[in-house]
Structure formats: C-alpha cells, structure tokens
$ cat input.pdb   # PDB, N, CA and C atoms and all ligand atoms
ATOM      1  N   MET R  13       0.846  -1.205   0.000  1.00  0.00           N
ATOM      2  CA  MET R  13       0.000   0.000   0.000  1.00  0.00           C
ATOM      3  C   MET R  13       0.879   1.251   0.000  1.00  0.00           C
ATOM      4  N   LYS R  14       0.475   2.248  -0.817  1.00  0.00           N
ATOM      5  CA  LYS R  14       1.224   3.507  -0.901  1.00  0.00           C
ATOM      6  C   LYS R  14       0.438   4.633  -0.234  1.00  0.00           C
ATOM      7  N   CYS R  15       1.176   5.563   0.336  1.00  0.00           N
ATOM      8  CA  CYS R  15       0.548   6.729   0.957  1.00  0.00           C
ATOM      9  C   CYS R  15      -0.124   7.586  -0.122  1.00  0.00           C
ATOM     10  N   PRO R  16      -1.381   7.997   0.102  1.00  0.00           N
ATOM     11  CA  PRO R  16      -2.076   8.817  -0.899  1.00  0.00           C
ATOM     12  C   PRO R  16      -1.510  10.227  -1.000  1.00  0.00           C
ATOM     13  N   TYR R  17      -0.742  10.667  -0.016  1.00  0.00           N
ATOM     14  CA  TYR R  17      -0.217  12.034  -0.022  1.00  0.00           C
ATOM     15  C   TYR R  17       1.178  12.125  -0.610  1.00  0.00           C
ATOM     16  N   CYS R  18       2.099  11.283  -0.089  1.00  0.00           N
ATOM     17  CA  CYS R  18       3.489  11.425  -0.517  1.00  0.00           C
ATOM     18  C   CYS R  18       3.972  10.210  -1.302  1.00  0.00           C
ATOM     19  N   LYS R  19       3.070   9.217  -1.500  1.00  0.00           N
ATOM     20  CA  LYS R  19       3.402   7.991  -2.234  1.00  0.00           C
ATOM     21  C   LYS R  19       4.490   7.167  -1.558  1.00  0.00           C
ATOM     22  N   GLY R  20       4.719   7.445  -0.290  1.00  0.00           N
ATOM     23  CA  GLY R  20       5.694   6.657   0.453  1.00  0.00           C
ATOM     24  C   GLY R  20       5.145   5.281   0.777  1.00  0.00           C
ATOM     25  N   GLU R  21       6.025   4.394   1.185  1.00  0.00           N
ATOM     26  CA  GLU R  21       5.600   3.059   1.576  1.00  0.00           C
ATOM     27  C   GLU R  21       4.859   3.124   2.908  1.00  0.00           C
ATOM     28  N   MET R  22       3.818   2.313   3.018  1.00  0.00           N
ATOM     29  CA  MET R  22       3.095   2.242   4.281  1.00  0.00           C
ATOM     30  C   MET R  22       3.253   0.836   4.851  1.00  0.00           C
ATOM     31  N   HIS R  23       3.334   0.763   6.162  1.00  0.00           N
ATOM     32  CA  HIS R  23       3.390  -0.549   6.792  1.00  0.00           C
ATOM     33  C   HIS R  23       2.330  -0.616   7.880  1.00  0.00           C
ATOM     34  N   GLU R  24       1.982  -1.844   8.240  1.00  0.00           N
ATOM     35  CA  GLU R  24       0.896  -2.030   9.189  1.00  0.00           C
ATOM     36  C   GLU R  24       1.426  -2.123  10.609  1.00  0.00           C
ATOM     37  N   GLU R  25       0.778  -1.374  11.493  1.00  0.00           N
ATOM     38  CA  GLU R  25       1.123  -1.428  12.917  1.00  0.00           C
ATOM     39  C   GLU R  25      -0.154  -1.577  13.713  1.00  0.00           C
ATOM     40  N   PHE R  26      -0.015  -2.062  14.925  1.00  0.00           N
ATOM     41  CA  PHE R  26      -1.177  -2.145  15.797  1.00  0.00           C
ATOM     42  C   PHE R  26      -1.127  -0.988  16.770  1.00  0.00           C
ATOM     43  N   LEU R  27      -2.025  -0.039  16.565  1.00  0.00           N
ATOM     44  CA  LEU R  27      -2.001   1.193  17.349  1.00  0.00           C
ATOM     45  C   LEU R  27      -3.329   1.413  18.061  1.00  0.00           C
ATOM     46  N   ASP R  28      -3.267   2.267  19.087  1.00  0.00           N
ATOM     47  CA  ASP R  28      -4.513   2.675  19.742  1.00  0.00           C
ATOM     48  C   ASP R  28      -5.266   3.598  18.791  1.00  0.00           C
ATOM     49  N   TYR R  29      -6.562   3.493  18.798  1.00  0.00           N
ATOM     50  CA  TYR R  29      -7.378   4.310  17.926  1.00  0.00           C
ATOM     51  C   TYR R  29      -8.517   4.889  18.756  1.00  0.00           C
ATOM     52  N   VAL R  30      -8.661   6.212  18.716  1.00  0.00           N
ATOM     53  CA  VAL R  30      -9.703   6.859  19.517  1.00  0.00           C
ATOM     54  C   VAL R  30     -10.874   7.220  18.609  1.00  0.00           C
ATOM     55  N   VAL R  31     -12.030   6.727  18.965  1.00  0.00           N
ATOM     56  CA  VAL R  31     -13.243   7.006  18.193  1.00  0.00           C
ATOM     57  C   VAL R  31     -14.079   8.009  18.959  1.00  0.00           C
ATOM     58  N   GLU R  32     -14.515   9.054  18.269  1.00  0.00           N
ATOM     59  CA  GLU R  32     -15.425   9.994  18.917  1.00  0.00           C
ATOM     60  C   GLU R  32     -16.848   9.631  18.499  1.00  0.00           C
ATOM     61  N   MET R  33     -17.685   9.420  19.498  1.00  0.00           N
ATOM     62  CA  MET R  33     -19.049   9.008  19.198  1.00  0.00           C
ATOM     63  C   MET R  33     -19.939  10.236  19.027  1.00  0.00           C
ATOM     64  N   GLU R  34     -21.164   9.984  18.564  1.00  0.00           N
ATOM     65  CA  GLU R  34     -22.067  11.093  18.234  1.00  0.00           C
ATOM     66  C   GLU R  34     -22.346  12.000  19.428  1.00  0.00           C
ATOM     67  N   ASP R  35     -22.363  11.430  20.632  1.00  0.00           N
ATOM     68  CA  ASP R  35     -22.649  12.250  21.813  1.00  0.00           C
ATOM     69  C   ASP R  35     -21.385  12.902  22.379  1.00  0.00           C
ATOM     70  N   GLY R  36     -20.266  12.803  21.657  1.00  0.00           N
ATOM     71  CA  GLY R  36     -19.036  13.458  22.081  1.00  0.00           C
ATOM     72  C   GLY R  36     -18.158  12.595  22.968  1.00  0.00           C
ATOM     73  N   GLN R  37     -18.674  11.454  23.383  1.00  0.00           N
ATOM     74  CA  GLN R  37     -17.874  10.530  24.189  1.00  0.00           C
ATOM     75  C   GLN R  37     -16.754   9.953  23.346  1.00  0.00           C
ATOM     76  N   LYS R  38     -15.611   9.735  23.968  1.00  0.00           N
ATOM     77  CA  LYS R  38     -14.510   9.139  23.232  1.00  0.00           C
ATOM     78  C   LYS R  38     -14.255   7.727  23.719  1.00  0.00           C
ATOM     79  N   LEU R  39     -14.013   6.873  22.757  1.00  0.00           N
ATOM     80  CA  LEU R  39     -13.777   5.473  23.069  1.00  0.00           C
ATOM     81  C   LEU R  39     -12.405   5.100  22.538  1.00  0.00           C
ATOM     82  N   ARG R  40     -11.582   4.553  23.420  1.00  0.00           N
ATOM     83  CA  ARG R  40     -10.225   4.192  23.029  1.00  0.00           C
ATOM     84  C   ARG R  40     -10.153   2.701  22.721  1.00  0.00           C
ATOM     85  N   LEU R  41      -9.755   2.407  21.502  1.00  0.00           N
ATOM     86  CA  LEU R  41      -9.614   1.012  21.095  1.00  0.00           C
ATOM     87  C   LEU R  41      -8.125   0.697  21.032  1.00  0.00           C
ATOM     88  N   GLU R  42      -7.758  -0.479  21.499  1.00  0.00           N
ATOM     89  CA  GLU R  42      -6.342  -0.833  21.515  1.00  0.00           C
ATOM     90  C   GLU R  42      -5.998  -1.827  20.415  1.00  0.00           C
ATOM     91  N   GLU R  43      -4.785  -1.691  19.919  1.00  0.00           N
ATOM     92  CA  GLU R  43      -4.247  -2.627  18.937  1.00  0.00           C
ATOM     93  C   GLU R  43      -5.124  -2.769  17.696  1.00  0.00           C
ATOM     94  N   VAL R  44      -5.461  -1.630  17.116  1.00  0.00           N
ATOM     95  CA  VAL R  44      -6.219  -1.623  15.874  1.00  0.00           C
ATOM     96  C   VAL R  44      -5.220  -1.666  14.706  1.00  0.00           C
ATOM     97  N   PRO R  45      -5.408  -2.597  13.758  1.00  0.00           N
ATOM     98  CA  PRO R  45      -4.498  -2.649  12.609  1.00  0.00           C
ATOM     99  C   PRO R  45      -4.577  -1.357  11.807  1.00  0.00           C
ATOM    100  N   THR R  46      -3.464  -0.636  11.726  1.00  0.00           N
ATOM    101  CA  THR R  46      -3.430   0.687  11.115  1.00  0.00           C
ATOM    102  C   THR R  46      -2.275   0.770  10.120  1.00  0.00           C
ATOM    103  N   TRP R  47      -2.527   1.350   8.961  1.00  0.00           N
ATOM    104  CA  TRP R  47      -1.452   1.586   7.998  1.00  0.00           C
ATOM    105  C   TRP R  47      -0.768   2.900   8.336  1.00  0.00           C
ATOM    106  N   VAL R  48       0.553   2.879   8.433  1.00  0.00           N
ATOM    107  CA  VAL R  48       1.320   4.069   8.791  1.00  0.00           C
ATOM    108  C   VAL R  48       2.319   4.361   7.675  1.00  0.00           C
ATOM    109  N   CYS R  49       2.335   5.619   7.199  1.00  0.00           N
ATOM    110  CA  CYS R  49       3.295   6.022   6.178  1.00  0.00           C
ATOM    111  C   CYS R  49       4.662   6.219   6.821  1.00  0.00           C
ATOM    112  N   GLU R  50       5.667   5.641   6.208  1.00  0.00           N
ATOM    113  CA  GLU R  50       7.016   5.755   6.774  1.00  0.00           C
ATOM    114  C   GLU R  50       7.606   7.144   6.587  1.00  0.00           C
ATOM    115  N   LYS R  51       7.078   7.905   5.644  1.00  0.00           N
ATOM    116  CA  LYS R  51       7.633   9.236   5.368  1.00  0.00           C
ATOM    117  C   LYS R  51       6.926  10.354   6.127  1.00  0.00           C
ATOM    118  N   CYS R  52       5.594  10.404   6.022  1.00  0.00           N
ATOM    119  CA  CYS R  52       4.889  11.571   6.577  1.00  0.00           C
ATOM    120  C   CYS R  52       4.013  11.232   7.783  1.00  0.00           C
ATOM    121  N   ASP R  53       4.047   9.976   8.237  1.00  0.00           N
ATOM    122  CA  ASP R  53       3.273   9.558   9.407  1.00  0.00           C
ATOM    123  C   ASP R  53       1.766   9.621   9.211  1.00  0.00           C
ATOM    124  N   TYR R  54       1.330   9.696   7.964  1.00  0.00           N
ATOM    125  CA  TYR R  54      -0.106   9.597   7.701  1.00  0.00           C
ATOM    126  C   TYR R  54      -0.586   8.216   8.134  1.00  0.00           C
ATOM    127  N   THR R  55      -1.733   8.160   8.804  1.00  0.00           N
ATOM    128  CA  THR R  55      -2.260   6.866   9.229  1.00  0.00           C
ATOM    129  C   THR R  55      -3.649   6.642   8.657  1.00  0.00           C
ATOM    130  N   GLU R  56      -3.931   5.412   8.379  1.00  0.00           N
ATOM    131  CA  GLU R  56      -5.243   5.059   7.843  1.00  0.00           C
ATOM    132  C   GLU R  56      -5.605   3.666   8.323  1.00  0.00           C
ATOM    133  N   ILE R  57      -6.823   3.517   8.848  1.00  0.00           N
ATOM    134  CA  ILE R  57      -7.235   2.168   9.214  1.00  0.00           C
ATOM    135  C   ILE R  57      -7.880   1.515   8.004  1.00  0.00           C
ATOM    136  N   GLU R  58      -7.805   0.224   7.949  1.00  0.00           N
ATOM    137  CA  GLU R  58      -8.377  -0.504   6.821  1.00  0.00           C
ATOM    138  C   GLU R  58      -9.885  -0.330   6.794  1.00  0.00           C
ATOM    139  N   GLU R  59     -10.423  -0.305   5.572  1.00  0.00           N
ATOM    140  CA  GLU R  59     -11.861  -0.084   5.420  1.00  0.00           C
ATOM    141  C   GLU R  59     -12.654  -1.141   6.194  1.00  0.00           C
ATOM    142  N   GLU R  60     -12.214  -2.382   6.083  1.00  0.00           N
ATOM    143  CA  GLU R  60     -12.910  -3.465   6.783  1.00  0.00           C
ATOM    144  C   GLU R  60     -12.904  -3.250   8.288  1.00  0.00           C
ATOM    145  N   VAL R  61     -11.754  -2.780   8.788  1.00  0.00           N
ATOM    146  CA  VAL R  61     -11.632  -2.539  10.223  1.00  0.00           C
ATOM    147  C   VAL R  61     -12.549  -1.392  10.634  1.00  0.00           C
ATOM    148  N   GLY R  62     -12.592  -0.347   9.810  1.00  0.00           N
ATOM    149  CA  GLY R  62     -13.469   0.786  10.084  1.00  0.00           C
ATOM    150  C   GLY R  62     -14.926   0.361  10.149  1.00  0.00           C
ATOM    151  N   GLU R  63     -15.311  -0.515   9.234  1.00  0.00           N
ATOM    152  CA  GLU R  63     -16.688  -1.000   9.229  1.00  0.00           C
ATOM    153  C   GLU R  63     -16.970  -1.838  10.471  1.00  0.00           C
ATOM    154  N   ALA R  64     -15.994  -2.651  10.860  1.00  0.00           N
ATOM    155  CA  ALA R  64     -16.160  -3.484  12.051  1.00  0.00           C
ATOM    156  C   ALA R  64     -16.325  -2.606  13.285  1.00  0.00           C
ATOM    157  N   ILE R  65     -15.574  -1.491  13.334  1.00  0.00           N
ATOM    158  CA  ILE R  65     -15.682  -0.573  14.473  1.00  0.00           C
ATOM    159  C   ILE R  65     -17.070   0.071  14.495  1.00  0.00           C
ATOM    160  N   GLU R  66     -17.556   0.458  13.330  1.00  0.00           N
ATOM    161  CA  GLU R  66     -18.897   1.056  13.264  1.00  0.00           C
ATOM    162  C   GLU R  66     -19.959   0.067  13.734  1.00  0.00           C
ATOM    163  N   ASP R  67     -19.822  -1.178  13.314  1.00  0.00           N
ATOM    164  CA  ASP R  67     -20.756  -2.211  13.765  1.00  0.00           C
ATOM    165  C   ASP R  67     -20.717  -2.334  15.281  1.00  0.00           C
ATOM    166  N   MET R  68     -19.488  -2.296  15.817  1.00  0.00           N
ATOM    167  CA  MET R  68     -19.317  -2.452  17.247  1.00  0.00           C
ATOM    168  C   MET R  68     -19.974  -1.283  17.993  1.00  0.00           C
ATOM    169  N   LEU R  69     -19.810  -0.064  17.441  1.00  0.00           N
ATOM    170  CA  LEU R  69     -20.395   1.113  18.082  1.00  0.00           C
ATOM    171  C   LEU R  69     -21.923   1.019  18.065  1.00  0.00           C
ATOM    172  N   ASP R  70     -22.480   0.537  16.971  1.00  0.00           N
ATOM    173  CA  ASP R  70     -23.934   0.340  16.909  1.00  0.00           C
ATOM    174  C   ASP R  70     -24.369  -0.605  18.021  1.00  0.00           C
ATOM    175  N   HIS R  71     -23.569  -1.650  18.212  1.00  0.00           N
ATOM    176  CA  HIS R  71     -23.879  -2.642  19.231  1.00  0.00           C
ATOM    177  C   HIS R  71     -23.750  -2.039  20.628  1.00  0.00           C
ATOM    178  N   LEU R  72     -22.730  -1.189  20.815  1.00  0.00           N
ATOM    179  CA  LEU R  72     -22.509  -0.548  22.114  1.00  0.00           C
ATOM    180  C   LEU R  72     -23.716   0.297  22.509  1.00  0.00           C
ATOM    181  N   ASP R  73     -24.294   1.019  21.538  1.00  0.00           N
ATOM    182  CA  ASP R  73     -25.477   1.835  21.811  1.00  0.00           C
ATOM    183  C   ASP R  73     -26.569   0.976  22.433  1.00  0.00           C
ATOM    184  N   THR R  74     -26.750  -0.207  21.864  1.00  0.00           N
ATOM    185  CA  THR R  74     -27.786  -1.115  22.346  1.00  0.00           C
ATOM    186  C   THR R  74     -27.473  -1.559  23.774  1.00  0.00           C
ATOM    187  N   VAL R  75     -26.205  -1.884  24.006  1.00  0.00           N
ATOM    188  CA  VAL R  75     -25.793  -2.345  25.331  1.00  0.00           C
ATOM    189  C   VAL R  75     -25.989  -1.238  26.371  1.00  0.00           C
ATOM    190  N   GLU R  76     -25.618  -0.004  26.011  1.00  0.00           N
ATOM    191  CA  GLU R  76     -25.762   1.109  26.963  1.00  0.00           C
ATOM    192  C   GLU R  76     -27.225   1.379  27.293  1.00  0.00           C
ATOM    193  N   ALA R  77     -28.089   1.278  26.292  1.00  0.00           N
ATOM    194  CA  ALA R  77     -29.512   1.515  26.519  1.00  0.00           C
ATOM    195  C   ALA R  77     -30.044   0.493  27.510  1.00  0.00           C
ATOM    196  N   GLY R  78     -29.574  -0.752  27.397  1.00  0.00           N
ATOM    197  CA  GLY R  78     -30.016  -1.792  28.322  1.00  0.00           C
ATOM    198  C   GLY R  78     -29.463  -1.554  29.716  1.00  0.00           C
ATOM    199  N   GLY R  79     -28.214  -1.053  29.789  1.00  0.00           N
ATOM    200  CA  GLY R  79     -27.578  -0.842  31.075  1.00  0.00           C
ATOM    201  C   GLY R  79     -28.250   0.230  31.907  1.00  0.00           C
ATOM    202  N   ASP R  80     -28.819   1.254  31.230  1.00  0.00           N
ATOM    203  CA  ASP R  80     -29.477   2.337  31.953  1.00  0.00           C
ATOM    204  C   ASP R  80     -30.619   1.842  32.837  1.00  0.00           C
ATOM    205  N   GLU R  81     -31.291   0.804  32.372  1.00  0.00           N
ATOM    206  CA  GLU R  81     -32.465   0.325  33.110  1.00  0.00           C
ATOM    207  C   GLU R  81     -32.081  -0.270  34.462  1.00  0.00           C
ATOM    208  N   GLU R  82     -30.851  -0.750  34.546  1.00  0.00           N
ATOM    209  CA  GLU R  82     -30.430  -1.405  35.782  1.00  0.00           C
ATOM    210  C   GLU R  82     -30.111  -0.403  36.898  1.00  0.00           C
ATOM    211  N   GLU R  83     -29.828   0.834  36.521  1.00  0.00           N
ATOM    212  CA  GLU R  83     -29.414   1.806  37.542  1.00  0.00           C
ATOM    213  C   GLU R  83     -30.574   2.488  38.254  1.00  0.00           C
TER     214      GLU R  83
HETATM  215 ZN    ZN X 101       3.071   9.748   3.334  1.00  0.00          ZN
END

$ encode --input "input.pdb" --output "structure tokens"
Amino acid sequence: MKCPYCKGEMHEEFLDYVVEMEDGQKLRLEEVPTWVCEKCDYTEIEEEVGEAIEDMLDHLDTVEAGGDEEE
C-alpha cells in the first residue's frame, strides 16, 4: 500500500485508535491494525476494520440503553 499524499511506503502497525461518538464521548480502542506512512506519518485504518468498528459502536449503543435500566 502507498501513501495517498506522498506515495511513500506504508506498513501495518497495531495502534490505539480513539473514536469519537455522536454524543461526544470518546472510546479508546487498543491494537487496531493501522497503515502508517514511513515518510509523513499519515495513518489510515483498513476499510474493513473501520466498518467493524462502526458495527461495534452500533452494538454498544444497544448495550448502553439496556444498562441504563439497571441503575
Ligand atoms: Zn506519506
């Protein structure tokens, strides 16, 4: 994979990824497969991984709604 900005080589690393949710809450995910440009430090997560995270966030909403009832 090449960097879309500088065309440098990109390699995959497992990095923390912070997702900001619609209500402004931030969720920190650990060891997310991320492409990192060796030249300009541009990072990009894989499309599949991004979709998986979105699915997970949808699921989290459901879990939180259920949790409220217990309090
Ligand atoms: Zn780059």

$ closest_residue --input "input.pdb" --among "R:Val44, R:Met22, R:Met33, R:Cys52" --to "ligand ZN 101 (chain X)" --atoms "all atoms listed in the file"
R:Cys52

$ residues_around --input "input.pdb" --residues "R:Glu42" --least-positions-apart "6" --cutoff "6.5 Å" --atoms "all atoms listed in the file" --output "ChimeraX atom specification"
/R:26-29

$ select_by_dssp --input "input.pdb" --residues "chain R" --states "helix (DSSP H, G or I)" --output "ChimeraX atom specification"
/R:59-82

$ atom_distance --input "input.pdb" --atom1 "atom CA of R:Pro16" --atom2 "atom C of R:Glu32"
24.4 Å

$ resolve_selection --input "input.pdb" --expression "the PyMOL selection byres (((not hetatm)) within 7 of (chain X and resi 101))" --output "list in words"
Lys14, Cys15, Pro16, Tyr17, Cys18, Lys19, Gly20, Glu21, Val48, Cys49, Glu50, Lys51, Cys52, Asp53 and Tyr54 of chain R

$ select_by_dssp --input "input.pdb" --residues "chain R" --states "strand (DSSP E)" --output "PyMOL selection string"
chain R and resi 22-32+38-49+55-57

$ write_last_selection --input "input.pdb" --atoms "N, CA and C atoms" --output "mmCIF file, keeping the file's coordinate frame"
data_model
loop_
_atom_site.group_PDB
_atom_site.id
_atom_site.type_symbol
_atom_site.label_atom_id
_atom_site.label_comp_id
_atom_site.auth_asym_id
_atom_site.auth_seq_id
_atom_site.Cartn_x
_atom_site.Cartn_y
_atom_site.Cartn_z
ATOM 1 N N MET R 22 3.818 2.313 3.018
ATOM 2 C CA MET R 22 3.095 2.242 4.281
ATOM 3 C C MET R 22 3.253 0.836 4.851
ATOM 4 N N HIS R 23 3.334 0.763 6.162
ATOM 5 C CA HIS R 23 3.390 -0.549 6.792
ATOM 6 C C HIS R 23 2.330 -0.616 7.880
ATOM 7 N N GLU R 24 1.982 -1.844 8.240
ATOM 8 C CA GLU R 24 0.896 -2.030 9.189
ATOM 9 C C GLU R 24 1.426 -2.123 10.609
ATOM 10 N N GLU R 25 0.778 -1.374 11.493
ATOM 11 C CA GLU R 25 1.123 -1.428 12.917
ATOM 12 C C GLU R 25 -0.154 -1.577 13.713
ATOM 13 N N PHE R 26 -0.015 -2.062 14.925
ATOM 14 C CA PHE R 26 -1.177 -2.145 15.797
ATOM 15 C C PHE R 26 -1.127 -0.988 16.770
ATOM 16 N N LEU R 27 -2.025 -0.039 16.565
ATOM 17 C CA LEU R 27 -2.001 1.193 17.349
ATOM 18 C C LEU R 27 -3.329 1.413 18.061
ATOM 19 N N ASP R 28 -3.267 2.267 19.087
ATOM 20 C CA ASP R 28 -4.513 2.675 19.742
ATOM 21 C C ASP R 28 -5.266 3.598 18.791
ATOM 22 N N TYR R 29 -6.562 3.493 18.798
ATOM 23 C CA TYR R 29 -7.378 4.310 17.926
ATOM 24 C C TYR R 29 -8.517 4.889 18.756
ATOM 25 N N VAL R 30 -8.661 6.212 18.716
ATOM 26 C CA VAL R 30 -9.703 6.859 19.517
ATOM 27 C C VAL R 30 -10.874 7.220 18.609
ATOM 28 N N VAL R 31 -12.030 6.727 18.965
ATOM 29 C CA VAL R 31 -13.243 7.006 18.193
ATOM 30 C C VAL R 31 -14.079 8.009 18.959
ATOM 31 N N GLU R 32 -14.515 9.054 18.269
ATOM 32 C CA GLU R 32 -15.425 9.994 18.917
ATOM 33 C C GLU R 32 -16.848 9.631 18.499
ATOM 34 N N LYS R 38 -15.611 9.735 23.968
ATOM 35 C CA LYS R 38 -14.510 9.139 23.232
ATOM 36 C C LYS R 38 -14.255 7.727 23.719
ATOM 37 N N LEU R 39 -14.013 6.873 22.757
ATOM 38 C CA LEU R 39 -13.777 5.473 23.069
ATOM 39 C C LEU R 39 -12.405 5.100 22.538
ATOM 40 N N ARG R 40 -11.582 4.553 23.420
ATOM 41 C CA ARG R 40 -10.225 4.192 23.029
ATOM 42 C C ARG R 40 -10.153 2.701 22.721
ATOM 43 N N LEU R 41 -9.755 2.407 21.502
ATOM 44 C CA LEU R 41 -9.614 1.012 21.095
ATOM 45 C C LEU R 41 -8.125 0.697 21.032
ATOM 46 N N GLU R 42 -7.758 -0.479 21.499
ATOM 47 C CA GLU R 42 -6.342 -0.833 21.515
ATOM 48 C C GLU R 42 -5.998 -1.827 20.415
ATOM 49 N N GLU R 43 -4.785 -1.691 19.919
ATOM 50 C CA GLU R 43 -4.247 -2.627 18.937
ATOM 51 C C GLU R 43 -5.124 -2.769 17.696
ATOM 52 N N VAL R 44 -5.461 -1.630 17.116
ATOM 53 C CA VAL R 44 -6.219 -1.623 15.874
ATOM 54 C C VAL R 44 -5.220 -1.666 14.706
ATOM 55 N N PRO R 45 -5.408 -2.597 13.758
ATOM 56 C CA PRO R 45 -4.498 -2.649 12.609
ATOM 57 C C PRO R 45 -4.577 -1.357 11.807
ATOM 58 N N THR R 46 -3.464 -0.636 11.726
ATOM 59 C CA THR R 46 -3.430 0.687 11.115
ATOM 60 C C THR R 46 -2.275 0.770 10.120
ATOM 61 N N TRP R 47 -2.527 1.350 8.961
ATOM 62 C CA TRP R 47 -1.452 1.586 7.998
ATOM 63 C C TRP R 47 -0.768 2.900 8.336
ATOM 64 N N VAL R 48 0.553 2.879 8.433
ATOM 65 C CA VAL R 48 1.320 4.069 8.791
ATOM 66 C C VAL R 48 2.319 4.361 7.675
ATOM 67 N N CYS R 49 2.335 5.619 7.199
ATOM 68 C CA CYS R 49 3.295 6.022 6.178
ATOM 69 C C CYS R 49 4.662 6.219 6.821
ATOM 70 N N THR R 55 -1.733 8.160 8.804
ATOM 71 C CA THR R 55 -2.260 6.866 9.229
ATOM 72 C C THR R 55 -3.649 6.642 8.657
ATOM 73 N N GLU R 56 -3.931 5.412 8.379
ATOM 74 C CA GLU R 56 -5.243 5.059 7.843
ATOM 75 C C GLU R 56 -5.605 3.666 8.323
ATOM 76 N N ILE R 57 -6.823 3.517 8.848
ATOM 77 C CA ILE R 57 -7.235 2.168 9.214
ATOM 78 C C ILE R 57 -7.880 1.515 8.004
#

$ resolve_selection --input "input.pdb" --expression "the PyMOL selection byres (((chain R and resi 56) around 5) and not hetatm)" --output "list of chain:residue names"
R:Thr46, R:Trp47, R:Tyr54, R:Thr55, R:Ile57, R:Glu58

$ atom_distance --input "input.pdb" --atom1 "atom N of R:Glu59" --atom2 "atom CA of R:Met13"
11.8 Å

$ atom_distance --input "input.pdb" --atom1 "atom CA of R:Gln37" --atom2 "atom N of R:Glu24"
28.3 Å

$ resolve_selection --input "input.pdb" --expression "the PyMOL selection byres (((chain R and resi 34 and name CA) around 12) and not hetatm and name CA)" --output "number ranges by chain"
R: 31-33, 35-39, 66, 69-70, 73

$ axis_aligned_box --input "input.pdb" --around "stretch 40-50 of chain R" --padding-each-side "8 Å" --output "lines of an AutoDock Vina configuration file"
center_x = -2.0
center_y = 2.2
center_z = 14.8
size_x = 35.2
size_y = 25.9
size_z = 33.2
